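Below is one structure; the comments refer to it alone.
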Amino acid sequence: MLRPLIFFAIIVVVLIYYRDSSTTPPARTPPPALRPTPAVPVSESLRTSHRRTVAVGDLHSDLAQALAVLRMAGIVDNDSNWSGGSATLVQTGDIVDRGPDTIALYNLFDKLRTQAKEAGGEVVNVFGNHEVMNLGGDLRYVTEEDYASFGGRQKRREAWDVRSGWLGKQIFGQFNITYVHHGHTVFSHGDMEAEWAQLGVEEMNDLAHEAIWNSNYRAPIFQGTGPIWSRSHALLE
């Protein structure tokens with residue numbers, strides 16, 4: 001998604017739910033024959049009946065603005081540690097591109113994921129189109145500062161490899177293309193078209209992970225009507 005030049009486009013939606021229990025689907029991985037490592041669940045049942053849900057959109061490699069938003073929402077403290085208690089934080093993609101702080105932001109979410117779980121909360125990450133672009137080698141929005149933070153272009157490419165790179169493996173194991181919360185609220189980076197919604201969350205996530213594992217970035221789920229690109233509802237098309 002393109003961020004306006006003047007504004008840093010971050011949308012924070014805070015939803016408060018009161019539910020007795022919540023079970024969310026696990027992260028999807030390729031078929032067992034293709035699976036590189038044991039699957040890491042994106043979400044587990046939470047242990048409290050009073051929970052907030054905070055959704056944050058495009059962060060685009062801007063650590064300072066990301067932390068400002070998360071602190072405003074009561075998700076992290078002044079030391080950038082989890083302070084959200086039993087809350088659920090959903091980051092709806094596009095952590096990468098247009099800025100210098102790619103490594104710092106992915107490391108932040110990896111740390112918060114662990115801290116949230118220990119506190120009875122959770123962190124959920126959803127693929128944005130820019131995650132998929134970078135995994136597929138479309139680097140047109142990568143900044144020189146970003147390349148330098150990885151130690152150069154070659155080392156950055158190696159880091160993003162889903163089979164052997166530290167960041168590629170992290171993203172592949174922890175991100176899904178869509179996520180359903182409390183059984184009725186669906187999160188995705190773009191709009192959810194009926195043709196995809198009818199497949200269900202698990203099948204969409206399976207299709208996305210299988211396509212990434214096989215380097216098939218022209219798969220239909222990554223095209224214009226798919227959950228990472230569609231804007232039809234936003235544009236009332």
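Following the order of the structure tokens, chains are lettered A, B, ..., residues in each are numbered from 1, and ligands are numbered from 1.
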Using only C-alpha atoms, which protein or nucleic acid residues come within 12 Å of Glu144 of chain A? Drop anything in the same chain fewer than 4 positions from it, and give the result as a PyMOL selection string. chain A and resi 97-102+139-140+148-153+156
Could you write those residues out with N, CA and C atoms, as a PDB file, in the first residue's frame?
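To be explicit, this is the file written out as part_19.pdb:
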ATOM      1  N   ASP A  97      10.075  -1.361   4.085  1.00  0.00           N
ATOM      2  CA  ASP A  97      10.167  -0.425   2.953  1.00  0.00           C
ATOM      3  C   ASP A  97       9.951   1.036   3.358  1.00  0.00           C
ATOM      4  N   ARG A  98      10.540   1.911   2.548  1.00  0.00           N
ATOM      5  CA  ARG A  98      10.394   3.365   2.632  1.00  0.00           C
ATOM      6  C   ARG A  98      11.149   4.013   3.794  1.00  0.00           C
ATOM      7  N   GLY A  99      11.831   3.235   4.619  1.00  0.00           N
ATOM      8  CA  GLY A  99      12.536   3.806   5.762  1.00  0.00           C
ATOM      9  C   GLY A  99      13.745   2.974   6.140  1.00  0.00           C
ATOM     10  N   PRO A 100      14.450   3.367   7.220  1.00  0.00           N
ATOM     11  CA  PRO A 100      15.715   2.721   7.576  1.00  0.00           C
ATOM     12  C   PRO A 100      15.628   1.641   8.649  1.00  0.00           C
ATOM     13  N   ASP A 101      14.463   1.440   9.273  1.00  0.00           N
ATOM     14  CA  ASP A 101      14.403   0.674  10.522  1.00  0.00           C
ATOM     15  C   ASP A 101      13.797  -0.719  10.382  1.00  0.00           C
ATOM     16  N   THR A 102      14.013  -1.367   9.257  1.00  0.00           N
ATOM     17  CA  THR A 102      13.421  -2.684   9.027  1.00  0.00           C
ATOM     18  C   THR A 102      13.836  -3.692  10.090  1.00  0.00           C
ATOM     19  N   LEU A 139      12.331  -5.072  -4.832  1.00  0.00           N
ATOM     20  CA  LEU A 139      12.990  -4.225  -3.837  1.00  0.00           C
ATOM     21  C   LEU A 139      12.952  -2.750  -4.213  1.00  0.00           C
ATOM     22  N   ARG A 140      11.983  -2.352  -5.008  1.00  0.00           N
ATOM     23  CA  ARG A 140      11.981  -0.982  -5.529  1.00  0.00           C
ATOM     24  C   ARG A 140      11.802   0.079  -4.449  1.00  0.00           C
ATOM     25  N   ALA A 148      22.101  -0.724   4.064  1.00  0.00           N
ATOM     26  CA  ALA A 148      23.281  -0.588   4.918  1.00  0.00           C
ATOM     27  C   ALA A 148      23.083  -1.277   6.262  1.00  0.00           C
ATOM     28  N   SER A 149      21.854  -1.238   6.791  1.00  0.00           N
ATOM     29  CA  SER A 149      21.605  -1.841   8.102  1.00  0.00           C
ATOM     30  C   SER A 149      21.794  -3.354   8.079  1.00  0.00           C
ATOM     31  N   PHE A 150      21.637  -3.971   6.902  1.00  0.00           N
ATOM     32  CA  PHE A 150      21.849  -5.413   6.758  1.00  0.00           C
ATOM     33  C   PHE A 150      23.302  -5.749   6.424  1.00  0.00           C
ATOM     34  N   GLY A 151      24.089  -4.724   6.118  1.00  0.00           N
ATOM     35  CA  GLY A 151      25.469  -4.963   5.715  1.00  0.00           C
ATOM     36  C   GLY A 151      25.654  -5.067   4.219  1.00  0.00           C
ATOM     37  N   GLY A 152      24.690  -4.546   3.461  1.00  0.00           N
ATOM     38  CA  GLY A 152      24.796  -4.561   2.008  1.00  0.00           C
ATOM     39  C   GLY A 152      23.670  -5.331   1.349  1.00  0.00           C
ATOM     40  N   ARG A 153      23.594  -5.207   0.028  1.00  0.00           N
ATOM     41  CA  ARG A 153      22.487  -5.800  -0.724  1.00  0.00           C
ATOM     42  C   ARG A 153      22.492  -7.322  -0.683  1.00  0.00           C
ATOM     43  N   ARG A 156      21.390  -8.582   2.669  1.00  0.00           N
ATOM     44  CA  ARG A 156      19.950  -8.381   2.847  1.00  0.00           C
ATOM     45  C   ARG A 156      19.163  -9.467   2.115  1.00  0.00           C
TER      46      ARG A 156
END
Please return as a list in words: the residues of segment 56-173 of chain A that backbone DSSP assigns to strand (DSSP E).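 Everything in segment 56-173 of chain A that counts as strand (DSSP E) is Val56, Thr88, Leu89, Val90, Gln91, Glu122, Val123, Val124, Asn125 and Val126 of chain A.
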List the spatial neighbours of segment 168-170 of chain A as a compact mmCIF listing (two decimals) with N, CA and C atoms, in the first residue's frame - criterion: any atom at most 9 Å away, only C-alpha atoms, same-chain residues fewer than 5 positions off excluded.
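Final output, selection-v6.txt:
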# COMPACT_ATOMS: atom_id res chain seq x y z
N PRO A 36 10.08 -26.55 6.68
CA PRO A 36 11.49 -26.44 7.05
C PRO A 36 11.74 -26.62 8.54
N THR A 37 10.83 -26.15 9.37
CA THR A 37 10.97 -26.23 10.82
C THR A 37 9.58 -26.44 11.41
N TYR A 106 11.20 -5.46 12.91
CA TYR A 106 10.90 -6.90 12.98
C TYR A 106 11.40 -7.50 14.29
N ASP A 110 9.15 -9.36 17.22
CA ASP A 110 9.54 -10.69 17.69
C ASP A 110 9.67 -10.69 19.22
N LEU A 135 9.95 -10.58 -0.06
CA LEU A 135 10.23 -12.01 -0.13
C LEU A 135 10.42 -12.46 -1.57
N GLU A 158 20.11 -12.46 1.47
CA GLU A 158 20.28 -13.70 2.22
C GLU A 158 19.38 -13.72 3.46
N ALA A 159 19.26 -12.59 4.13
CA ALA A 159 18.44 -12.52 5.35
C ALA A 159 16.97 -12.78 5.06
N TRP A 160 16.50 -12.40 3.86
CA TRP A 160 15.08 -12.53 3.52
C TRP A 160 14.73 -13.90 2.94
N ASP A 161 15.68 -14.79 2.78
CA ASP A 161 15.40 -16.12 2.23
C ASP A 161 14.56 -16.92 3.23
N VAL A 162 13.40 -17.44 2.80
CA VAL A 162 12.50 -18.12 3.74
C VAL A 162 13.03 -19.48 4.17
N ARG A 163 13.98 -20.03 3.44
CA ARG A 163 14.52 -21.34 3.80
C ARG A 163 15.76 -21.24 4.67
N PHE A 175 3.89 -15.05 10.24
CA PHE A 175 2.91 -14.21 9.55
C PHE A 175 1.88 -15.08 8.82
What lies within 10 Å of segment 221-237 of chain A using only C-alpha atoms, ignoring chain neighbours under 2 positions off, as a PyMOL selection string? chain A and resi 1+92-94+126-133+177-178+187-197+204-205+207-208+211-212+216-219
Point-to-point distance in Å for atom CA of Asp206 of chain A and atom CA of Leu89 of chain A: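 Pair atom CA of Leu89 of chain A / atom CA of Asp206 of chain A returns 22.3 Å.
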Selection near segment 76-78 of chain A, 12 Å with only C-alpha atoms, sequence-local residues under 3 positions removed, as a list in words: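 That gives Val54, Ala64, Ala66, Leu67, Ala68, Val69, Leu70, Arg71, Met72, Ala73, Asn81, Trp82, Ser83, Gly84, Gly85, Ala87, Leu89, Leu108, Phe109, Lys111, Leu112, Arg113, Gln115, Ala116 and Val123 of chain A.
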Just the residues within 10 Å of Ile103 of chain A, please, counting only C-alpha atoms, with nothing from its chain fewer than 4 positions along; format it as a ChimeraX atom specification. /A:61,63,95-96,107-108,146,149-150,167
Write a file of the selected residues as a CSV table (one decimal), in the first residue's frame, keeping C-alpha atoms.
chain,number,residue,atom,x,y,z
A,61,SER,CA,10.5,1.0,8.6
A,63,LEU,CA,10.7,2.9,14.4
A,95,ILE,CA,6.5,-3.2,8.4
A,96,VAL,CA,9.1,-2.9,5.7
A,107,ASN,CA,13.0,-7.5,16.1
A,108,LEU,CA,10.6,-5.4,18.1
A,146,ASP,CA,17.9,-0.2,4.9
A,149,SER,CA,21.6,-1.8,8.1
A,150,PHE,CA,21.8,-5.4,6.8
A,167,LEU,CA,14.3,-12.8,8.8
A:Gly183, A:Gly121, A:Gly136, A:Gly74: which is nearest Gly200 of chain A, counting only C-alpha atoms?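 Comparing A:Gly183, A:Gly121, A:Gly136, A:Gly74 against Gly200 of chain A, the winner is A:Gly183.
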Atom CA of Thr88 of chain A to atom CA of Arg52 of chain A: how many Å, to one decimal?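 Computing the Euclidean distance for atom CA of Thr88 of chain A and atom CA of Arg52 of chain A yields 6.2 Å.
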Rounded to one decimal place, report the atom CA of His60 of chain A-atom CA of Tyr141 of chain A distance in Å.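 Between atom CA of His60 of chain A and atom CA of Tyr141 of chain A the gap is 9.9 Å.
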